[in-house]
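Novice: Got a structure for you, model.csv, holding CSV, C-alpha atoms.
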```
chain,number,residue,atom,x,y,z
A,376,MET,CA,18.4,-10.0,80.8
A,377,ILE,CA,17.1,-12.6,83.4
A,378,HIS,CA,16.0,-10.9,86.5
A,379,THR,CA,13.8,-11.8,89.4
A,380,GLY,CA,10.9,-9.6,88.4
A,381,MET,CA,10.5,-11.0,84.9
A,382,LYS,CA,7.8,-13.6,84.2
A,383,TYR,CA,8.9,-16.2,81.5
A,384,ILE,CA,6.1,-17.6,79.3
A,385,PHE,CA,6.8,-20.5,76.9
A,386,ASP,CA,4.8,-22.2,74.2
A,387,VAL,CA,5.6,-25.9,74.2
A,388,ASP,CA,5.4,-27.6,70.8
A,389,GLY,CA,8.3,-26.3,68.7
A,390,THR,CA,9.5,-24.1,71.5
A,391,LEU,CA,10.4,-26.3,74.4
A,392,THR,CA,10.0,-29.6,72.6
A,393,PRO,CA,9.9,-31.0,69.1
A,394,SER,CA,6.3,-30.9,68.0
A,395,ARG,CA,4.2,-33.6,69.8
A,396,LYS,CA,7.4,-35.1,71.2
A,397,LYS,CA,9.2,-35.2,74.5
A,398,ILE,CA,11.7,-32.6,75.6
A,399,ASP,CA,15.4,-33.3,75.0
A,400,LYS,CA,17.0,-34.9,78.1
A,401,GLU,CA,19.9,-32.5,78.3
A,402,PHE,CA,17.7,-29.4,77.8
A,403,GLN,CA,15.2,-30.9,80.3
A,404,GLU,CA,17.9,-30.9,83.1
A,405,TRP,CA,19.0,-27.4,82.2
A,406,PHE,CA,15.5,-26.0,82.0
A,407,SER,CA,14.5,-27.6,85.3
A,408,ASP,CA,17.3,-25.6,87.0
A,409,PHE,CA,16.0,-22.5,85.1
A,410,CYS,CA,12.6,-23.1,86.6
A,411,ASP,CA,14.2,-23.1,90.1
A,412,GLU,CA,15.6,-19.6,89.7
A,413,SER,CA,12.9,-18.0,87.5
A,414,ASP,CA,9.1,-17.5,87.4
A,415,VAL,CA,8.2,-19.9,84.5
A,416,TYR,CA,4.8,-20.3,82.9
A,417,ILE,CA,3.7,-22.3,79.8
A,418,VAL,CA,0.9,-21.6,77.4
A,419,SER,CA,0.1,-24.5,75.1
A,420,GLY,CA,-2.6,-25.5,72.7
A,421,SER,CA,-2.5,-29.0,74.1
A,422,ASP,CA,-4.2,-30.4,77.1
A,423,ARG,CA,-2.6,-31.0,80.5
A,424,ALA,CA,-1.9,-34.7,80.1
A,425,LYS,CA,-0.1,-34.2,76.8
A,426,THR,CA,2.0,-31.3,78.2
A,427,ILE,CA,3.1,-33.4,81.2
A,428,GLU,CA,4.0,-36.2,78.8
A,429,GLN,CA,6.1,-33.8,76.8
A,430,ILE,CA,8.0,-31.8,79.4
A,431,GLY,CA,7.8,-34.3,82.3
A,432,GLU,CA,6.3,-34.1,85.8
A,433,GLU,CA,9.4,-32.5,87.4
A,434,ILE,CA,9.2,-29.4,85.2
A,435,TYR,CA,5.5,-29.3,85.2
A,436,TYR,CA,5.2,-29.0,88.9
A,437,LYS,CA,7.9,-26.3,89.0
A,438,LEU,CA,5.8,-24.1,86.8
A,439,LYS,CA,4.1,-21.1,88.5
A,440,ARG,CA,1.1,-21.8,86.3
A,441,ALA,CA,0.2,-23.9,83.2
A,442,TYR,CA,-2.1,-22.4,80.6
A,443,GLN,CA,-3.5,-25.3,78.7
A,444,CYS,CA,-5.6,-25.2,75.5
A,445,SER,CA,-4.4,-21.7,74.6
A,446,GLY,CA,-5.2,-20.4,78.1
A,447,ASN,CA,-8.7,-21.8,78.4
A,448,ASP,CA,-7.8,-24.5,80.9
A,449,VAL,CA,-5.6,-23.1,83.7
A,450,TRP,CA,-3.6,-25.2,86.3
A,451,GLU,CA,-1.3,-24.7,89.2
A,452,GLY,CA,0.1,-28.1,89.9
A,453,ASP,CA,-2.9,-30.4,90.5
A,454,ALA,CA,-5.3,-27.4,91.1
A,455,ASN,CA,-7.6,-26.4,88.3
A,456,ILE,CA,-7.9,-22.6,88.4
A,457,ARG,CA,-10.5,-22.1,85.7
A,458,THR,CA,-11.8,-23.7,82.5
A,459,LYS,CA,-13.6,-22.0,79.6
A,460,HIS,CA,-15.7,-23.8,77.0
A,461,ILE,CA,-16.9,-22.8,73.6
A,462,THR,CA,-19.7,-23.7,71.2
A,463,LEU,CA,-18.9,-23.4,67.6
A,464,PRO,CA,-21.5,-22.6,64.9
A,465,GLU,CA,-23.8,-25.7,64.3
A,466,ASP,CA,-22.6,-26.3,60.7
A,467,CYS,CA,-18.9,-25.7,61.4
A,468,GLU,CA,-18.3,-29.4,62.2
A,469,ASP,CA,-20.1,-30.4,59.0
A,470,PHE,CA,-17.8,-28.1,57.0
A,471,LEU,CA,-14.7,-29.7,58.7
A,472,ASN,CA,-15.9,-33.2,57.7
A,473,ASN,CA,-16.4,-32.0,54.1
A,474,ILE,CA,-12.9,-30.5,54.1
A,475,LEU,CA,-11.5,-33.8,55.4
A,476,GLU,CA,-13.4,-35.8,52.8
A,477,GLU,CA,-12.3,-33.5,49.9
A,478,SER,CA,-8.6,-33.4,50.9
A,479,ALA,CA,-6.4,-35.3,48.5
A,480,PHE,CA,-3.9,-36.2,51.2
A,481,PRO,CA,-3.9,-40.0,51.1
A,482,HIS,CA,-3.3,-40.9,54.8
A,483,LYS,CA,-6.2,-40.1,57.2
A,484,THR,CA,-5.6,-41.9,60.5
A,485,GLY,CA,-8.4,-40.9,62.8
A,486,THR,CA,-9.3,-38.3,65.5
A,487,HIS,CA,-9.4,-35.4,63.0
A,488,ILE,CA,-11.6,-33.2,65.1
A,489,GLU,CA,-10.4,-33.0,68.7
A,490,LYS,CA,-12.5,-30.9,71.1
A,491,ARG,CA,-10.6,-29.3,73.9
A,492,ALA,CA,-11.3,-26.6,76.5
A,493,GLY,CA,-11.9,-23.4,74.7
A,494,LEU,CA,-10.9,-24.7,71.2
A,495,VAL,CA,-11.2,-27.3,68.6
A,496,ASN,CA,-8.1,-28.8,66.8
A,497,PHE,CA,-8.6,-30.0,63.3
A,498,SER,CA,-6.1,-32.2,61.5
A,499,ILE,CA,-6.3,-33.7,58.0
A,500,VAL,CA,-3.8,-36.5,58.8
A,501,GLY,CA,-5.3,-37.0,62.2
A,502,ARG,CA,-4.0,-37.3,65.7
A,503,GLN,CA,-3.4,-41.1,65.3
A,504,CYS,CA,-0.7,-40.6,62.7
A,505,ASP,CA,2.8,-42.1,63.2
A,506,GLU,CA,6.0,-40.1,62.6
A,507,LYS,CA,6.3,-41.1,59.0
A,508,GLN,CA,2.7,-40.0,58.2
A,509,ARG,CA,3.3,-36.8,60.2
A,510,ARG,CA,6.3,-35.9,58.1
A,511,GLU,CA,4.5,-36.8,54.9
A,512,TYR,CA,1.8,-34.4,55.8
A,513,MET,CA,4.2,-31.7,56.7
A,514,SER,CA,5.8,-32.1,53.3
A,515,TRP,CA,2.4,-32.1,51.6
A,516,ASP,CA,1.3,-28.9,53.5
A,517,LYS,CA,4.5,-27.1,52.6
A,518,LYS,CA,3.8,-27.8,48.9
A,519,THR,CA,0.0,-27.2,48.9
A,520,HIS,CA,-0.4,-24.7,51.7
A,521,GLU,CA,-3.5,-26.8,52.7
A,522,ARG,CA,-3.7,-25.5,56.3
A,523,LEU,CA,-3.4,-21.9,55.2
A,524,LYS,CA,-6.2,-22.5,52.7
A,525,ILE,CA,-8.3,-24.2,55.4
A,526,LYS,CA,-7.7,-21.3,57.8
A,527,ASP,CA,-8.6,-18.6,55.2
A,528,PHE,CA,-11.7,-20.5,54.1
A,529,LEU,CA,-13.1,-21.1,57.6
A,530,ASN,CA,-12.3,-17.5,58.7
A,531,LYS,CA,-14.3,-16.2,55.7
A,532,LYS,CA,-17.1,-18.7,56.0
A,533,PHE,CA,-17.5,-18.2,59.8
A,534,PRO,CA,-16.5,-14.5,60.6
A,535,ASN,CA,-17.3,-15.0,64.3
A,536,ILE,CA,-14.6,-17.7,64.9
A,537,VAL,CA,-10.8,-17.5,64.9
A,538,VAL,CA,-8.7,-20.0,63.1
A,539,SER,CA,-5.0,-20.3,63.4
A,540,ILE,CA,-2.2,-22.7,62.2
A,541,ALA,CA,-1.1,-24.8,65.1
A,542,GLY,CA,1.8,-27.3,65.5
A,543,ASP,CA,3.0,-29.2,62.4
A,544,THR,CA,-0.3,-30.7,61.1
A,545,GLY,CA,-3.3,-28.9,62.5
A,546,VAL,CA,-5.4,-25.8,62.8
A,547,ASP,CA,-6.9,-24.4,66.0
A,548,ILE,CA,-10.5,-23.1,65.9
A,549,THR,CA,-11.8,-20.9,68.7
A,550,LEU,CA,-13.6,-17.7,69.4
A,551,PRO,CA,-12.4,-14.0,69.8
A,552,ASN,CA,-10.6,-13.5,73.1
A,553,PHE,CA,-10.0,-17.2,73.5
A,554,GLY,CA,-6.5,-17.2,72.1
A,555,LYS,CA,-3.2,-17.3,73.9
A,556,ASP,CA,-3.0,-13.5,74.4
A,557,GLN,CA,-5.9,-13.7,76.8
A,558,ILE,CA,-3.5,-14.8,79.6
A,559,LEU,CA,-1.7,-11.5,79.7
A,560,SER,CA,-4.5,-10.1,81.8
A,561,ASP,CA,-3.0,-12.3,84.6
A,562,PHE,CA,0.3,-10.4,84.3
A,563,GLU,CA,-0.9,-6.8,84.7
A,564,ASN,CA,2.0,-4.6,85.9
A,565,PHE,CA,4.5,-7.4,85.4
A,566,ASP,CA,7.3,-7.6,82.8
A,567,VAL,CA,7.0,-10.7,80.7
A,568,SER,CA,9.1,-12.5,78.1
A,569,PHE,CA,7.3,-14.8,75.7
A,570,PHE,CA,8.9,-17.5,73.6
A,571,GLY,CA,7.0,-19.1,70.7
A,572,ASP,CA,7.5,-20.6,67.2
A,573,LYS,CA,4.2,-20.0,65.4
A,574,THR,CA,4.6,-16.2,65.7
A,575,GLU,CA,3.8,-15.4,62.0
A,576,GLU,CA,0.5,-13.9,61.1
A,577,GLY,CA,-2.0,-16.8,61.2
A,578,GLY,CA,0.0,-18.8,63.7
A,579,ASN,CA,-1.4,-19.6,67.1
A,580,ASP,CA,1.5,-17.7,68.8
A,581,HIS,CA,1.1,-14.5,66.8
A,582,ASP,CA,-1.4,-12.6,68.9
A,583,ILE,CA,0.5,-13.2,72.2
A,584,TYR,CA,3.8,-12.5,70.5
A,585,GLU,CA,2.5,-9.1,69.3
A,586,ALA,CA,0.6,-8.2,72.5
A,587,THR,CA,3.7,-9.0,74.7
A,588,LEU,CA,5.7,-6.4,72.8
A,589,TYR,CA,3.4,-3.7,74.1
A,590,HIS,CA,2.6,-5.2,77.5
A,591,THR,CA,5.1,-3.2,79.5
A,592,ASP,CA,8.2,-1.1,78.6
A,593,TYR,CA,10.5,-4.1,79.5
A,594,SER,CA,8.4,-7.0,78.1
A,595,MET,CA,10.0,-9.0,75.3
A,596,SER,CA,8.9,-11.5,72.7
A,597,TYR,CA,11.2,-14.1,71.1
A,598,SER,CA,10.3,-15.9,67.9
A,599,VAL,CA,12.3,-19.2,67.8
A,600,THR,CA,12.7,-22.0,65.2
A,601,GLY,CA,12.8,-24.8,67.8
A,602,TRP,CA,13.8,-25.8,71.3
A,603,ARG,CA,17.5,-25.5,70.5
A,604,GLU,CA,17.2,-21.8,69.7
A,605,THR,CA,15.1,-21.3,72.8
A,606,TRP,CA,17.9,-22.8,74.8
A,607,GLU,CA,20.6,-20.6,73.1
A,608,VAL,CA,18.6,-17.5,73.8
A,609,LEU,CA,18.1,-18.4,77.5
A,610,LYS,CA,21.8,-19.2,77.9
A,611,PHE,CA,22.7,-15.8,76.4
A,612,LEU,CA,20.2,-14.0,78.7
A,613,LYS,CA,21.6,-15.8,81.7
A,614,VAL,CA,25.1,-14.8,80.9
A,615,GLN,CA,23.9,-11.2,80.7
A,616,ARG,CA,22.4,-11.3,84.1
```
Take the structure from the file and write it as structure tokens.
Specialist:
Amino acid sequence: MIHTGMKYIFDVDGTLTPSRKKIDKEFQEWFSDFCDESDVYIVSGSDRAKTIEQIGEEIYYKLKRAYQCSGNDVWEGDANIRTKHITLPEDCEDFLNNILEESAFPHKTGTHIEKRAGLVNFSIVGRQCDEKQRREYMSWDKKTHERLKIKDFLNKKFPNIVVSIAGDTGVDITLPNFGKDQILSDFENFDVSFFGDKTEEGGNDHDIYEATLYHTDYSMSYSVTGWRETWEVLKFLKVQR
């Protein structure tokens, strides 16, 4: 049920928007109104500029707080609240380059290692891919489970880092206590509802999804398959109010 005391936290890619794309126009209008009547937060693996591009300035400036880069770069409007940085093991980047070189996927478009506040995103197809190349990699990964193998290899090779599957084409690499669940310390004694799509074990929404379930007696977690399901759940909750 939607009530004034609840804090609503949303992943962005695959939850409020199609992955790496802009929010649906009709949903954007509805969600903007939802932000007017509810305490809304986002926690995204992306940086601030990409999130604004995806959800639009109107919604972004209605957020109570935006947790970028999995909560390692925190903003309220134009005010930066805090930023955390990490240093990965020296040879980790060398291993990423070796993995990239050894991958049999034919399209490698550039910007494969992207360093953000508190995490590194690694993508075989690269951040410069077009939509056709993105979909080709998604199909490739579904058949080969390449990202899962990369995640398992890196977690075994570097036990002091945390690797999770992120978005449709990448993996996020960070340190313990640098994941999305870290933001719950800002919501002590508040009921929260979290919405995310990568909630399976190994996904970058998994830890916050699980932690939210035990945050308070009335906190809730919702695993969704896309923005349409997020919208349907929110409309159902609003009717129950």
Novice: Which is closer to A:Val538 than all the others in A:Cys504, A:Ile499, A:Cys467, A:Val599, using only C-alpha atoms?
Specialist: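 The shortest atom-to-atom distance to A:Val538 comes from A:Cys467.
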Novice: Could you check how far atom CA of A:Phe569 sits from atom CA of A:Leu609, in Å to one decimal?
Specialist: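 Atom CA of A:Phe569 sits 11.5 Å away from atom CA of A:Leu609.
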Novice: Please list as a PyMOL selection string every residue within 9 Å of stretch 412-418 of chain A, counting only C-alpha atoms and excluding residues in the same chain fewer than 6 positions away.
Specialist: chain A and resi 377-387+437-446+555+558
Novice: Which residue gives the smallest distance to A:Leu550 among A:Ile583, A:Glu404, A:Phe533, A:Glu575, with all atoms listed in the file counted?
Specialist: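 Once distances to A:Leu550 are computed over all atoms listed in the file, the minimum belongs to A:Phe533.
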Novice: Just the residues within 6 Å of A:Asp566, please, counting only C-alpha atoms, with nothing from its chain fewer than 3 positions along; format it as number ranges by chain.
Specialist: A: 381, 591, 593-594
Novice: Got a sec: who's within 12 Å of stretch 389-395 of chain A, counting all atoms listed in the file, leaving out chain neighbours fewer than 6 positions off, as a PyMOL selection string?
Specialist: chain A and resi 401-403+405-407+416-422+425-431+434+502-506+509-510+513+541-545+569-574+579-580+597-609
Novice: For A:Glu468, list every protein, DNA or RNA residue within 12 Å, evaluated using all atoms listed in the file, and leave out those in the same chain fewer than 6 positions away; present the list as a list in words.
Specialist: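 Contacts, in chain order: Thr462, Ile474, Leu475, His487, Ile488, Glu489, Lys490, Val495, Asn496, Phe497, Leu529, Phe533 and Ile548 of chain A.
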Novice: With distances taken over only C-alpha atoms, which of A:Ser498, A:Thr587, A:Asn455, A:Ser560 is nearest to A:Asp547?
Specialist: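 Selected residue with least distance to A:Asp547: A:Ser498.
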Novice: From the coordinates supplied, stretch 384-449 of chain A should be written with C-alpha atoms, as a PDB file, in the first residue's frame.
Specialist:
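result06.pdb written:
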```pdb
ATOM      1  CA  ILE A 384      13.585   3.232  -4.083  1.00  0.00           C
ATOM      2  CA  PHE A 385      13.938   2.326  -7.760  1.00  0.00           C
ATOM      3  CA  ASP A 386      16.643   0.878  -9.918  1.00  0.00           C
ATOM      4  CA  VAL A 387      16.630   2.622 -13.330  1.00  0.00           C
ATOM      5  CA  ASP A 388      17.765   0.349 -16.208  1.00  0.00           C
ATOM      6  CA  GLY A 389      15.168  -2.371 -16.707  1.00  0.00           C
ATOM      7  CA  THR A 390      13.000  -1.020 -13.887  1.00  0.00           C
ATOM      8  CA  LEU A 391      11.995   2.534 -14.812  1.00  0.00           C
ATOM      9  CA  THR A 392      13.357   2.499 -18.357  1.00  0.00           C
ATOM     10  CA  PRO A 393      14.413   0.013 -21.009  1.00  0.00           C
ATOM     11  CA  SER A 394      18.099  -0.692 -20.455  1.00  0.00           C
ATOM     12  CA  ARG A 395      20.235   2.311 -21.481  1.00  0.00           C
ATOM     13  CA  LYS A 396      17.186   3.983 -23.077  1.00  0.00           C
ATOM     14  CA  LYS A 397      14.822   6.815 -22.201  1.00  0.00           C
ATOM     15  CA  ILE A 398      11.710   6.367 -20.114  1.00  0.00           C
ATOM     16  CA  ASP A 399       8.404   5.758 -21.911  1.00  0.00           C
ATOM     17  CA  LYS A 400       6.579   9.071 -22.385  1.00  0.00           C
ATOM     18  CA  GLU A 401       3.251   7.947 -20.932  1.00  0.00           C
ATOM     19  CA  PHE A 402       4.899   6.296 -17.943  1.00  0.00           C
ATOM     20  CA  GLN A 403       7.083   9.393 -17.501  1.00  0.00           C
ATOM     21  CA  GLU A 404       3.987  11.581 -17.022  1.00  0.00           C
ATOM     22  CA  TRP A 405       2.407   9.125 -14.593  1.00  0.00           C
ATOM     23  CA  PHE A 406       5.612   8.604 -12.628  1.00  0.00           C
ATOM     24  CA  SER A 407       6.190  12.363 -12.379  1.00  0.00           C
ATOM     25  CA  ASP A 408       2.821  12.650 -10.616  1.00  0.00           C
ATOM     26  CA  PHE A 409       3.786   9.714  -8.391  1.00  0.00           C
ATOM     27  CA  CYS A 410       6.922  11.614  -7.378  1.00  0.00           C
ATOM     28  CA  ASP A 411       4.744  14.568  -6.358  1.00  0.00           C
ATOM     29  CA  GLU A 412       2.788  12.466  -3.863  1.00  0.00           C
ATOM     30  CA  SER A 413       5.476  10.045  -2.651  1.00  0.00           C
ATOM     31  CA  ASP A 414       9.054  10.043  -1.353  1.00  0.00           C
ATOM     32  CA  VAL A 415      10.953   8.672  -4.347  1.00  0.00           C
ATOM     33  CA  TYR A 416      14.638   7.733  -4.615  1.00  0.00           C
ATOM     34  CA  ILE A 417      16.665   6.023  -7.323  1.00  0.00           C
ATOM     35  CA  VAL A 418      19.730   3.806  -7.019  1.00  0.00           C
ATOM     36  CA  SER A 419      21.458   3.214 -10.341  1.00  0.00           C
ATOM     37  CA  GLY A 420      24.742   1.766 -11.503  1.00  0.00           C
ATOM     38  CA  SER A 421      24.969   4.611 -14.016  1.00  0.00           C
ATOM     39  CA  ASP A 422      26.336   8.095 -13.449  1.00  0.00           C
ATOM     40  CA  ARG A 423      24.238  11.220 -12.954  1.00  0.00           C
ATOM     41  CA  ALA A 424      24.365  12.463 -16.544  1.00  0.00           C
ATOM     42  CA  LYS A 425      23.156   9.129 -17.942  1.00  0.00           C
ATOM     43  CA  THR A 426      20.320   8.901 -15.417  1.00  0.00           C
ATOM     44  CA  ILE A 427      19.090  12.406 -16.248  1.00  0.00           C
ATOM     45  CA  GLU A 428      19.229  11.501 -19.931  1.00  0.00           C
ATOM     46  CA  GLN A 429      17.083   8.440 -19.253  1.00  0.00           C
ATOM     47  CA  ILE A 430      14.400   9.693 -16.852  1.00  0.00           C
ATOM     48  CA  GLY A 431      14.450  13.409 -17.719  1.00  0.00           C
ATOM     49  CA  GLU A 432      15.219  16.492 -15.647  1.00  0.00           C
ATOM     50  CA  GLU A 433      11.636  16.919 -14.421  1.00  0.00           C
ATOM     51  CA  ILE A 434      11.602  13.593 -12.621  1.00  0.00           C
ATOM     52  CA  TYR A 435      15.238  13.801 -11.557  1.00  0.00           C
ATOM     53  CA  TYR A 436      14.713  17.066  -9.685  1.00  0.00           C
ATOM     54  CA  LYS A 437      11.610  15.673  -7.977  1.00  0.00           C
ATOM     55  CA  LEU A 438      13.631  12.842  -6.434  1.00  0.00           C
ATOM     56  CA  LYS A 439      14.352  13.102  -2.739  1.00  0.00           C
ATOM     57  CA  ARG A 440      17.819  11.756  -3.471  1.00  0.00           C
ATOM     58  CA  ALA A 441      19.637  10.069  -6.359  1.00  0.00           C
ATOM     59  CA  TYR A 442      22.104   7.323  -5.537  1.00  0.00           C
ATOM     60  CA  GLN A 443      24.344   7.053  -8.593  1.00  0.00           C
ATOM     61  CA  CYS A 444      27.031   4.454  -9.299  1.00  0.00           C
ATOM     62  CA  SER A 445      25.361   1.940  -6.953  1.00  0.00           C
ATOM     63  CA  GLY A 446      25.164   4.491  -4.139  1.00  0.00           C
ATOM     64  CA  ASN A 447      28.773   5.658  -4.355  1.00  0.00           C
ATOM     65  CA  ASP A 448      27.909   9.069  -5.826  1.00  0.00           C
ATOM     66  CA  VAL A 449      24.973  10.673  -4.038  1.00  0.00           C
TER      67      VAL A 449
END
```
